[in-house]
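Quick notes on the structure that follows.
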Amino acid sequence: MRTPLSWLAGRYSLGARSVRLAALGSVTASIAIIVTGGIVRVTGSGLGCTDWPMCTGETLAPTAEMGMHGAIEFGNRLLTGALCAVVGWVIITARLQERPMPTVLRGGWAQFWIVVLNAVVGGVTVWMRLSPYIVAAHFLAATLLLTAAVYTWHAAYADAEGEQAGAPVPLAPGSVARIRALSTALVTVTALLVVVGTLATGSGPHAGDSSDVARMPFDWTGVTVVHGVLAGATLVLAGALLSALPGDGFGAARRKTVVFLAVVLGQGLVGLVQSLTALPSLLVMLHLLGSALVWTGVLQVHFTVRRARSGRSGPLGGGNAPLPRARGASTHV
């Protein structure tokens with residue numbers, strides 16, 4: 001059974017650069033949806049549109065009487081449509097490559113379904129009148145989308161090379177186990193850092209609306225301290241991983257780890273300042289941007305370490321690169 005994409009794939013092809021740019025665009029859009037969600041919250045526009053999927057019970061778009069809050073909330077919803085277009089372009093460009101890119105294609109479809117999930121959770125957030133638990137779930141769903149986007153972006157570069165990255169780097173078994181353990185621990189602790197950050201948000205003062213919105217029943221100071229301890233642990237693990245990575249064969253992983261350390265330090269500075277200055281809106285939004293960059297960075301480190309360790313072209317140490325597809329041949333989506 002032929003599909004529109006398989007029909008197109010039999011007649012047109014695109015270069016590897018197109019899928020790389022599309023994948024980078026999906027990462028950028030995923031970060032943007034996190035940041036604009038933060039803008040909705042800190043401006044108190046979470047209920048700017050009082051219903052979902054309609055903005056009100058009668059209109060799709062906000063009315064003039066709803067003012068700035070309605071426009072901000074509706075703008076965030078429109079960005080989801082733009083995100084769908086970007087993800088669709090990832091799928092199309094991956095499908096129209098002469099050399100098949102199954103990993104990128106799977107990543108694109110994963111992003112599509114996560115966008116659908118995120119939209120539904122966003123609707124539930126409005127229906128539940130900004131329950132802090134649903135708001136946290138909404139942020140984590142957006143972070144899941146970013147995870148899929150970064151994976152796809154990394155895979156797009158790996159698959160586009162179409163050949164072995166080189167023979168596996170010869171390391172002692174103990175060194176391999178240590179690098180693997182440190183990389184996995186770094187991702188795990190960073191994930192905990194992000195999750196605890198949602199608890200700090202849910203118990204903090206920015207409820208997302210000017211009305212009386214319930215907050216999580218946690219001591220904000222205590223949660224913030226735990227968040228800071230996890231940030232310190234992230235720095236320690238990243239430093240340990242950097243020291244464990246040999247220079248030969250792990251140059252890209254070392255560079256990305258250094259960048260990650262710099263991003264975490266910057267994010268920690270923003271977090272410290274916002275905690276000492278009563279959480280000003282601008283710093284809260286910068287901290288949200290930082291959280292997205294931190295998560296992007298740790299995934300890049302992890303995927304690059306695994307690829308360097310395996311010496312394969314795939315982002316997770318997959319098998320040999322597939323053979324080029326004959327011109328005009330097609331496969332099903």
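Convention: chains lettered A, B, ... in structure tokens order; per-chain residue numbering from 1; ligands numbered from 1 as shown.
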
Original post:
Which parts of segment 153-324 of chain A does DSSP call helix (DSSP H, G or I) when run on the backbone here, written out as a PyMOL selection string?
Top reply: chain A and resi 153-161+173-203+220-244+251-276+281-310

**OP:** With a distance cut-off of 10 Å and only C-alpha atoms, select the neighbouring residues of segment 106-112 of chain A, excluding the residue or stretch itself and same-chain residues fewer than 2 positions from it, and output the selection as a PyMOL selection string.
**Re:** chain A and resi 22-23+26+30+83-95+101-104+114-118+144-153+155-156+333

Env of Ala136 of chain A: 12 Å cut, atoms = only C-alpha atoms, seq-sep filter 2 positions within chain, self excluded. Answer as an mmCIF file with all heavy atoms, in the first residue's frame.
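The file below, selection_18.cif, is the result:
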```
data_model
loop_
_atom_site.group_PDB
_atom_site.id
_atom_site.type_symbol
_atom_site.label_atom_id
_atom_site.label_comp_id
_atom_site.auth_asym_id
_atom_site.auth_seq_id
_atom_site.Cartn_x
_atom_site.Cartn_y
_atom_site.Cartn_z
ATOM 1 N N ILE A 34 8.724 25.853 25.338
ATOM 2 C CA ILE A 34 8.970 25.862 26.783
ATOM 3 C C ILE A 34 9.048 27.298 27.291
ATOM 4 O O ILE A 34 8.451 27.651 28.316
ATOM 5 C CB ILE A 34 10.266 25.092 27.110
ATOM 6 C CG1 ILE A 34 10.062 23.584 26.878
ATOM 7 C CG2 ILE A 34 10.699 25.340 28.555
ATOM 8 C CD1 ILE A 34 11.325 22.764 27.042
ATOM 9 N N GLY A 37 5.693 29.078 27.131
ATOM 10 C CA GLY A 37 4.853 28.589 28.224
ATOM 11 C C GLY A 37 5.184 29.297 29.523
ATOM 12 O O GLY A 37 4.305 29.612 30.332
ATOM 13 N N GLY A 38 6.493 29.565 29.728
ATOM 14 C CA GLY A 38 6.892 30.327 30.908
ATOM 15 C C GLY A 38 6.391 31.760 30.865
ATOM 16 O O GLY A 38 5.996 32.325 31.897
ATOM 17 N N ARG A 41 2.903 31.854 31.999
ATOM 18 C CA ARG A 41 2.760 31.686 33.441
ATOM 19 C C ARG A 41 3.134 32.948 34.206
ATOM 20 O O ARG A 41 2.384 33.411 35.070
ATOM 21 C CB ARG A 41 3.604 30.498 33.919
ATOM 22 C CG ARG A 41 3.459 30.190 35.395
ATOM 23 C CD ARG A 41 4.089 28.860 35.744
ATOM 24 N NE ARG A 41 5.485 28.789 35.390
ATOM 25 C CZ ARG A 41 6.476 29.275 36.144
ATOM 26 N NH1 ARG A 41 6.202 29.863 37.292
ATOM 27 N NH2 ARG A 41 7.734 29.162 35.760
ATOM 28 N N ASN A 118 1.138 16.781 24.217
ATOM 29 C CA ASN A 118 1.345 18.050 24.893
ATOM 30 C C ASN A 118 0.139 18.965 24.734
ATOM 31 O O ASN A 118 -0.251 19.693 25.665
ATOM 32 C CB ASN A 118 2.604 18.727 24.343
ATOM 33 C CG ASN A 118 3.269 19.625 25.354
ATOM 34 O OD1 ASN A 118 3.113 19.448 26.558
ATOM 35 N ND2 ASN A 118 4.012 20.602 24.870
ATOM 36 N N VAL A 121 -2.541 17.701 27.128
ATOM 37 C CA VAL A 121 -2.216 18.071 28.507
ATOM 38 C C VAL A 121 -2.435 19.572 28.716
ATOM 39 O O VAL A 121 -2.901 19.999 29.778
ATOM 40 C CB VAL A 121 -0.765 17.682 28.850
ATOM 41 C CG1 VAL A 121 -0.393 18.171 30.246
ATOM 42 C CG2 VAL A 121 -0.587 16.174 28.767
ATOM 43 N N GLY A 122 -2.125 20.365 27.700
ATOM 44 C CA GLY A 122 -2.388 21.797 27.793
ATOM 45 C C GLY A 122 -3.868 22.098 27.952
ATOM 46 O O GLY A 122 -4.253 22.976 28.734
ATOM 47 N N VAL A 124 -6.091 20.036 29.288
ATOM 48 C CA VAL A 124 -6.454 19.607 30.642
ATOM 49 C C VAL A 124 -6.015 20.656 31.662
ATOM 50 O O VAL A 124 -6.710 20.897 32.656
ATOM 51 C CB VAL A 124 -5.819 18.234 30.958
ATOM 52 C CG1 VAL A 124 -6.076 17.844 32.408
ATOM 53 C CG2 VAL A 124 -6.372 17.159 30.020
ATOM 54 N N THR A 125 -4.873 21.298 31.404
ATOM 55 C CA THR A 125 -4.389 22.353 32.304
ATOM 56 C C THR A 125 -5.412 23.473 32.427
ATOM 57 O O THR A 125 -5.674 23.976 33.532
ATOM 58 C CB THR A 125 -3.054 22.924 31.790
ATOM 59 O OG1 THR A 125 -2.099 21.866 31.686
ATOM 60 C CG2 THR A 125 -2.515 24.000 32.720
ATOM 61 N N LEU A 130 -5.497 25.447 36.027
ATOM 62 C CA LEU A 130 -4.081 25.601 36.366
ATOM 63 C C LEU A 130 -3.672 24.831 37.621
ATOM 64 O O LEU A 130 -2.870 25.325 38.427
ATOM 65 C CB LEU A 130 -3.709 27.080 36.513
ATOM 66 C CG LEU A 130 -4.019 28.003 35.322
ATOM 67 C CD1 LEU A 130 -3.510 29.405 35.600
ATOM 68 C CD2 LEU A 130 -3.401 27.462 34.040
ATOM 69 N N SER A 131 -4.184 23.627 37.769
ATOM 70 C CA SER A 131 -3.691 22.774 38.845
ATOM 71 C C SER A 131 -2.170 22.672 38.731
ATOM 72 O O SER A 131 -1.641 22.374 37.649
ATOM 73 C CB SER A 131 -4.300 21.367 38.736
ATOM 74 O OG SER A 131 -3.549 20.438 39.485
ATOM 75 N N PRO A 132 -1.425 22.932 39.798
ATOM 76 C CA PRO A 132 0.044 22.925 39.691
ATOM 77 C C PRO A 132 0.607 21.573 39.271
ATOM 78 O O PRO A 132 1.671 21.509 38.651
ATOM 79 C CB PRO A 132 0.505 23.323 41.095
ATOM 80 C CG PRO A 132 -0.652 22.986 41.991
ATOM 81 C CD PRO A 132 -1.876 23.236 41.169
ATOM 82 N N TYR A 133 -0.103 20.503 39.574
ATOM 83 C CA TYR A 133 0.366 19.181 39.179
ATOM 84 C C TYR A 133 0.226 18.987 37.664
ATOM 85 O O TYR A 133 1.100 18.408 37.011
ATOM 86 C CB TYR A 133 -0.406 18.106 39.934
ATOM 87 C CG TYR A 133 -0.264 18.218 41.429
ATOM 88 C CD1 TYR A 133 -1.263 18.806 42.206
ATOM 89 C CD2 TYR A 133 0.885 17.759 42.068
ATOM 90 C CE1 TYR A 133 -1.130 18.924 43.581
ATOM 91 C CE2 TYR A 133 1.032 17.871 43.443
ATOM 92 C CZ TYR A 133 0.025 18.468 44.197
ATOM 93 O OH TYR A 133 0.161 18.594 45.552
ATOM 94 N N ILE A 134 -0.888 19.476 37.106
ATOM 95 C CA ILE A 134 -1.072 19.378 35.655
ATOM 96 C C ILE A 134 -0.119 20.328 34.941
ATOM 97 O O ILE A 134 0.406 20.008 33.866
ATOM 98 C CB ILE A 134 -2.534 19.674 35.274
ATOM 99 C CG1 ILE A 134 -3.484 18.772 36.073
ATOM 100 C CG2 ILE A 134 -2.741 19.444 33.778
ATOM 101 C CD1 ILE A 134 -3.264 17.303 35.843
ATOM 102 N N HIS A 138 2.537 19.344 32.164
ATOM 103 C CA HIS A 138 2.608 20.039 30.881
ATOM 104 C C HIS A 138 4.061 20.399 30.552
ATOM 105 O O HIS A 138 4.521 20.214 29.415
ATOM 106 C CB HIS A 138 1.744 21.301 30.965
ATOM 107 C CG HIS A 138 1.448 21.923 29.636
ATOM 108 N ND1 HIS A 138 1.411 21.210 28.464
ATOM 109 C CD2 HIS A 138 1.179 23.215 29.298
ATOM 110 C CE1 HIS A 138 1.113 22.029 27.453
ATOM 111 N NE2 HIS A 138 0.991 23.249 27.939
ATOM 112 N N PHE A 139 4.792 20.879 31.548
ATOM 113 C CA PHE A 139 6.199 21.204 31.340
ATOM 114 C C PHE A 139 7.011 19.949 31.035
ATOM 115 O O PHE A 139 7.876 19.951 30.144
ATOM 116 C CB PHE A 139 6.756 21.906 32.578
ATOM 117 C CG PHE A 139 8.239 22.152 32.510
ATOM 118 C CD1 PHE A 139 8.760 23.205 31.776
ATOM 119 C CD2 PHE A 139 9.121 21.302 33.173
ATOM 120 C CE1 PHE A 139 10.132 23.408 31.706
ATOM 121 C CE2 PHE A 139 10.496 21.511 33.106
ATOM 122 C CZ PHE A 139 10.998 22.565 32.370
ATOM 123 N N LEU A 140 6.744 18.866 31.764
ATOM 124 C CA LEU A 140 7.494 17.635 31.535
ATOM 125 C C LEU A 140 7.178 17.039 30.160
ATOM 126 O O LEU A 140 8.056 16.445 29.523
ATOM 127 C CB LEU A 140 7.192 16.628 32.641
ATOM 128 C CG LEU A 140 7.703 17.028 34.034
ATOM 129 C CD1 LEU A 140 7.283 15.995 35.077
ATOM 130 C CD2 LEU A 140 9.219 17.206 34.035
ATOM 131 N N ALA A 141 5.929 17.208 29.693
ATOM 132 C CA ALA A 141 5.598 16.753 28.346
ATOM 133 C C ALA A 141 6.367 17.561 27.303
ATOM 134 O O ALA A 141 6.829 17.018 26.290
ATOM 135 C CB ALA A 141 4.090 16.873 28.107
ATOM 136 N N ALA A 142 6.518 18.870 27.549
ATOM 137 C CA ALA A 142 7.310 19.700 26.646
ATOM 138 C C ALA A 142 8.776 19.285 26.679
ATOM 139 O O ALA A 142 9.472 19.300 25.650
ATOM 140 C CB ALA A 142 7.165 21.172 27.028
ATOM 141 N N THR A 143 9.265 18.890 27.855
ATOM 142 C CA THR A 143 10.644 18.420 27.974
ATOM 143 C C THR A 143 10.818 17.079 27.258
ATOM 144 O O THR A 143 11.869 16.810 26.659
ATOM 145 C CB THR A 143 11.033 18.286 29.453
ATOM 146 O OG1 THR A 143 10.830 19.547 30.113
ATOM 147 C CG2 THR A 143 12.491 17.892 29.604
ATOM 148 N N VAL A 194 15.574 18.614 36.826
ATOM 149 C CA VAL A 194 14.450 19.210 36.093
ATOM 150 C C VAL A 194 13.130 18.940 36.807
ATOM 151 O O VAL A 194 12.291 19.833 36.971
ATOM 152 C CB VAL A 194 14.415 18.674 34.647
ATOM 153 C CG1 VAL A 194 13.144 19.120 33.937
ATOM 154 C CG2 VAL A 194 15.636 19.143 33.870
ATOM 155 N N VAL A 195 12.939 17.712 37.264
ATOM 156 C CA VAL A 195 11.687 17.352 37.942
ATOM 157 C C VAL A 195 11.518 18.140 39.236
ATOM 158 O O VAL A 195 10.433 18.678 39.519
ATOM 159 C CB VAL A 195 11.642 15.832 38.223
ATOM 160 C CG1 VAL A 195 10.449 15.484 39.108
ATOM 161 C CG2 VAL A 195 11.566 15.048 36.913
ATOM 162 N N VAL A 196 12.576 18.226 40.036
ATOM 163 C CA VAL A 196 12.492 18.985 41.286
ATOM 164 C C VAL A 196 12.266 20.466 40.988
ATOM 165 O O VAL A 196 11.604 21.170 41.755
ATOM 166 C CB VAL A 196 13.756 18.764 42.143
ATOM 167 C CG1 VAL A 196 13.750 19.681 43.356
ATOM 168 C CG2 VAL A 196 13.845 17.316 42.581
ATOM 169 N N GLY A 197 12.778 20.925 39.850
ATOM 170 C CA GLY A 197 12.507 22.299 39.444
ATOM 171 C C GLY A 197 11.019 22.560 39.249
ATOM 172 O O GLY A 197 10.524 23.651 39.573
ATOM 173 N N THR A 198 10.290 21.559 38.755
ATOM 174 C CA THR A 198 8.837 21.735 38.608
ATOM 175 C C THR A 198 8.148 21.820 39.970
ATOM 176 O O THR A 198 7.129 22.509 40.104
ATOM 177 C CB THR A 198 8.221 20.580 37.801
ATOM 178 O OG1 THR A 198 8.328 19.357 38.534
ATOM 179 C CG2 THR A 198 8.899 20.417 36.451
ATOM 180 N N LEU A 199 8.707 21.137 40.977
ATOM 181 C CA LEU A 199 8.139 21.227 42.324
ATOM 182 C C LEU A 199 8.387 22.613 42.920
ATOM 183 O O LEU A 199 7.520 23.168 43.611
ATOM 184 C CB LEU A 199 8.745 20.152 43.231
ATOM 185 C CG LEU A 199 8.576 18.702 42.780
ATOM 186 C CD1 LEU A 199 9.175 17.759 43.806
ATOM 187 C CD2 LEU A 199 7.101 18.379 42.539
ATOM 188 N N ALA A 200 9.574 23.168 42.652
ATOM 189 C CA ALA A 200 9.851 24.524 43.114
ATOM 190 C C ALA A 200 8.906 25.517 42.451
ATOM 191 O O ALA A 200 8.396 26.446 43.094
ATOM 192 C CB ALA A 200 11.314 24.881 42.815
ATOM 193 N N THR A 201 8.649 25.301 41.166
ATOM 194 C CA THR A 201 7.721 26.170 40.447
ATOM 195 C C THR A 201 6.307 26.024 40.998
ATOM 196 O O THR A 201 5.603 27.013 41.212
ATOM 197 C CB THR A 201 7.729 25.819 38.946
ATOM 198 O OG1 THR A 201 9.020 26.074 38.415
ATOM 199 C CG2 THR A 201 6.695 26.642 38.191
ATOM 200 N N GLY A 202 5.893 24.777 41.224
ATOM 201 C CA GLY A 202 4.530 24.532 41.692
ATOM 202 C C GLY A 202 4.255 25.029 43.087
ATOM 203 O O GLY A 202 3.094 25.250 43.457
ATOM 204 N N SER A 203 5.311 25.210 43.893
ATOM 205 C CA SER A 203 5.111 25.719 45.250
ATOM 206 C C SER A 203 5.494 27.192 45.376
ATOM 207 O O SER A 203 5.374 27.781 46.443
ATOM 208 C CB SER A 203 5.940 24.897 46.245
ATOM 209 O OG SER A 203 7.309 24.872 45.864
ATOM 210 N N ALA A 207 1.699 31.554 39.949
ATOM 211 C CA ALA A 207 0.667 30.531 39.769
ATOM 212 C C ALA A 207 0.125 30.467 38.353
ATOM 213 O O ALA A 207 -0.567 29.521 37.997
ATOM 214 C CB ALA A 207 -0.482 30.786 40.744
ATOM 215 N N GLY A 208 0.394 31.493 37.543
ATOM 216 C CA GLY A 208 -0.069 31.487 36.164
ATOM 217 C C GLY A 208 -1.321 32.291 35.921
ATOM 218 O O GLY A 208 -1.749 32.447 34.776
ATOM 219 N N ARG A 215 -1.489 26.051 45.135
ATOM 220 C CA ARG A 215 -0.078 25.741 44.948
ATOM 221 C C ARG A 215 0.230 24.378 45.574
ATOM 222 O O ARG A 215 -0.536 23.863 46.377
ATOM 223 C CB ARG A 215 0.823 26.812 45.612
ATOM 224 C CG ARG A 215 0.459 28.245 45.300
ATOM 225 C CD ARG A 215 0.387 28.527 43.794
ATOM 226 N NE ARG A 215 1.701 28.447 43.169
ATOM 227 C CZ ARG A 215 1.909 27.867 41.972
ATOM 228 N NH1 ARG A 215 0.930 27.309 41.306
ATOM 229 N NH2 ARG A 215 3.116 27.848 41.462
ATOM 230 N N MET A 216 1.338 23.801 45.200
ATOM 231 C CA MET A 216 1.742 22.534 45.788
ATOM 232 C C MET A 216 2.079 22.733 47.268
ATOM 233 O O MET A 216 2.691 23.741 47.632
ATOM 234 C CB MET A 216 2.963 21.980 45.051
ATOM 235 C CG MET A 216 2.685 21.517 43.638
ATOM 236 S SD MET A 216 4.185 20.826 42.856
ATOM 237 C CE MET A 216 3.543 20.353 41.243
#
```

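Our summary of the geometry notes that atom CA of Trp113 of chain A is positioned 24.2 Å from atom CA of Leu14 of chain A.
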
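For the pair atom CA of Ser13 of chain A and atom CA of Gln97 of chain A, the interatomic distance is 5.4 Å.
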
**OP:** Quick one: everything within 12 Å of Ser210 of chain A, counting only C-alpha atoms, minus sequence neighbours fewer than 2 positions away in the same chain. Send it as a ChimeraX atom specification.
**Re:** /A:40-48,69,129-130,205-208,212-214

May I have the residues from that selection written out with all heavy atoms, as a compact mmCIF listing (two decimals), in the first residue's frame?
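Produced file selection34.txt, reproduced below:
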```txt
# COMPACT_ATOMS: atom_id res chain seq x y z
N VAL A 40 3.63 32.74 29.46
CA VAL A 40 2.22 32.65 29.81
C VAL A 40 2.05 32.63 31.33
O VAL A 40 1.19 33.32 31.90
CB VAL A 40 1.58 31.39 29.18
CG1 VAL A 40 0.18 31.16 29.74
CG2 VAL A 40 1.52 31.54 27.67
N ARG A 41 2.90 31.85 32.00
CA ARG A 41 2.76 31.69 33.44
C ARG A 41 3.13 32.95 34.21
O ARG A 41 2.38 33.41 35.07
CB ARG A 41 3.60 30.50 33.92
CG ARG A 41 3.46 30.19 35.39
CD ARG A 41 4.09 28.86 35.74
NE ARG A 41 5.48 28.79 35.39
CZ ARG A 41 6.48 29.28 36.14
NH1 ARG A 41 6.20 29.86 37.29
NH2 ARG A 41 7.73 29.16 35.76
N VAL A 42 4.30 33.53 33.92
CA VAL A 42 4.76 34.66 34.72
C VAL A 42 3.97 35.94 34.45
O VAL A 42 3.98 36.86 35.28
CB VAL A 42 6.27 34.91 34.52
CG1 VAL A 42 7.08 33.70 34.93
CG2 VAL A 42 6.58 35.34 33.09
N THR A 43 3.30 36.01 33.30
CA THR A 43 2.45 37.17 33.03
C THR A 43 1.03 36.98 33.54
O THR A 43 0.19 37.87 33.37
CB THR A 43 2.41 37.48 31.52
OG1 THR A 43 1.91 36.33 30.81
CG2 THR A 43 3.78 37.85 30.99
N GLY A 44 0.76 35.83 34.16
CA GLY A 44 -0.58 35.57 34.67
C GLY A 44 -1.61 35.36 33.59
O GLY A 44 -2.79 35.67 33.76
N SER A 45 -1.17 34.80 32.44
CA SER A 45 -2.07 34.63 31.30
C SER A 45 -2.54 33.20 31.12
O SER A 45 -3.08 32.85 30.06
CB SER A 45 -1.36 35.10 30.02
OG SER A 45 -0.91 36.43 30.14
N GLY A 46 -2.32 32.35 32.12
CA GLY A 46 -2.66 30.94 31.98
C GLY A 46 -4.12 30.67 31.68
O GLY A 46 -4.46 29.69 31.03
N LEU A 47 -5.00 31.55 32.17
CA LEU A 47 -6.43 31.43 31.87
C LEU A 47 -6.89 32.60 31.00
O LEU A 47 -8.05 33.00 31.05
CB LEU A 47 -7.23 31.37 33.18
CG LEU A 47 -6.97 30.14 34.05
CD1 LEU A 47 -7.77 30.21 35.34
CD2 LEU A 47 -7.29 28.85 33.29
N GLY A 48 -5.95 33.12 30.22
CA GLY A 48 -6.32 34.18 29.26
C GLY A 48 -7.36 33.70 28.29
O GLY A 48 -8.26 34.44 27.89
N HIS A 69 -3.75 39.26 28.20
CA HIS A 69 -3.66 37.88 28.68
C HIS A 69 -4.22 36.90 27.66
O HIS A 69 -3.63 35.83 27.42
CB HIS A 69 -4.39 37.75 30.01
CG HIS A 69 -3.78 38.54 31.12
ND1 HIS A 69 -2.44 38.50 31.42
CD2 HIS A 69 -4.33 39.41 32.02
CE1 HIS A 69 -2.17 39.30 32.43
NE2 HIS A 69 -3.30 39.87 32.81
N ARG A 129 -8.12 24.41 35.67
CA ARG A 129 -7.89 25.76 36.23
C ARG A 129 -6.50 25.90 36.81
O ARG A 129 -6.29 26.36 37.93
CB ARG A 129 -8.95 26.13 37.27
CG ARG A 129 -10.38 25.73 36.95
CD ARG A 129 -10.80 26.08 35.55
NE ARG A 129 -10.92 27.53 35.30
CZ ARG A 129 -11.16 28.05 34.09
NH1 ARG A 129 -11.24 27.26 33.03
NH2 ARG A 129 -11.28 29.36 33.96
N LEU A 130 -5.50 25.45 36.03
CA LEU A 130 -4.08 25.60 36.37
C LEU A 130 -3.67 24.83 37.62
O LEU A 130 -2.87 25.33 38.43
CB LEU A 130 -3.71 27.08 36.51
CG LEU A 130 -4.02 28.00 35.32
CD1 LEU A 130 -3.51 29.41 35.60
CD2 LEU A 130 -3.40 27.46 34.04
N PRO A 205 5.53 31.44 43.85
CA PRO A 205 4.49 32.46 43.75
C PRO A 205 3.87 32.64 42.38
O PRO A 205 2.79 33.22 42.26
CB PRO A 205 5.24 33.74 44.16
CG PRO A 205 6.65 33.48 43.73
CD PRO A 205 6.88 32.02 43.95
N HIS A 206 4.51 32.17 41.32
CA HIS A 206 3.98 32.39 39.97
C HIS A 206 2.97 31.29 39.63
O HIS A 206 3.32 30.24 39.08
CB HIS A 206 5.10 32.42 38.95
CG HIS A 206 6.00 33.61 39.10
ND1 HIS A 206 5.60 34.89 38.79
CD2 HIS A 206 7.28 33.71 39.56
CE1 HIS A 206 6.60 35.73 39.03
NE2 HIS A 206 7.62 35.04 39.50
N ALA A 207 1.70 31.55 39.95
CA ALA A 207 0.67 30.53 39.77
C ALA A 207 0.12 30.47 38.35
O ALA A 207 -0.57 29.52 38.00
CB ALA A 207 -0.48 30.79 40.74
N GLY A 208 0.39 31.49 37.54
CA GLY A 208 -0.07 31.49 36.16
C GLY A 208 -1.32 32.29 35.92
O GLY A 208 -1.75 32.45 34.78
N ASP A 212 -7.14 33.04 42.50
CA ASP A 212 -6.61 32.23 43.60
C ASP A 212 -6.37 30.81 43.10
O ASP A 212 -7.25 29.96 43.14
CB ASP A 212 -7.60 32.25 44.76
CG ASP A 212 -7.05 31.51 45.99
OD1 ASP A 212 -5.82 31.34 46.04
OD2 ASP A 212 -7.84 31.13 46.86
N VAL A 213 -5.15 30.56 42.63
CA VAL A 213 -4.78 29.25 42.10
C VAL A 213 -4.02 28.48 43.18
O VAL A 213 -3.08 29.00 43.78
CB VAL A 213 -3.90 29.38 40.84
CG1 VAL A 213 -3.46 28.01 40.35
CG2 VAL A 213 -4.66 30.12 39.75
N ALA A 214 -4.43 27.25 43.43
CA ALA A 214 -3.79 26.44 44.47
C ALA A 214 -2.33 26.18 44.12
O ALA A 214 -1.96 26.10 42.95
CB ALA A 214 -4.53 25.12 44.63
```

Original post:
Hey, what's within 10 Å of segment 231-244 of chain A if we count only C-alpha atoms and toss same-chain stuff fewer than 5 positions away? As a VMD selection string, please?
Top reply: chain A and resid 175 to 176 178 to 194 225 to 226 250 253 to 258 260 to 262 264 to 265 267 to 268 298 301 305

Original post:
Which of these residues is nearest to Val120 of chain A, using only C-alpha atoms: A:Gly67, A:Gly81, A:Pro53, A:Pro62?
Top reply: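 For Val120 of chain A, the nearest of the candidates is A:Pro53.
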
Subject >> Atomic distance atom CA of Gly247 of chain A - atom CA of His154 of chain A, expressed in Å with one decimal >> reply: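 That distance, rounded to one decimal, is 21.1 Å.
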
Subject >> Shell of 9 Å around Trp127 of chain A, only C-alpha atoms, local chain residues under 5 positions omitted, as a PyMOL selection string >> reply: chain A and resi 50-52+122

For the residues in that selection, give me C-alpha atoms as an mmCIF file, in the first residue's frame.
```
data_model
loop_
_atom_site.group_PDB
_atom_site.id
_atom_site.type_symbol
_atom_site.label_atom_id
_atom_site.label_comp_id
_atom_site.auth_asym_id
_atom_site.auth_seq_id
_atom_site.Cartn_x
_atom_site.Cartn_y
_atom_site.Cartn_z
ATOM 1 C CA THR A 50 -10.923 30.286 29.468
ATOM 2 C CA ASP A 51 -11.600 27.115 27.472
ATOM 3 C CA TRP A 52 -9.896 24.605 25.170
ATOM 4 C CA GLY A 122 -2.388 21.797 27.793
#
```

Original post:
Between A:Leu60, A:Thr28, A:Gly70, A:Leu105, which has the minimum distance to Ala82 of chain A (counting only C-alpha atoms)?
Top reply: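 When distances to Ala82 of chain A are compared using only C-alpha atoms, the smallest one comes from A:Thr28.
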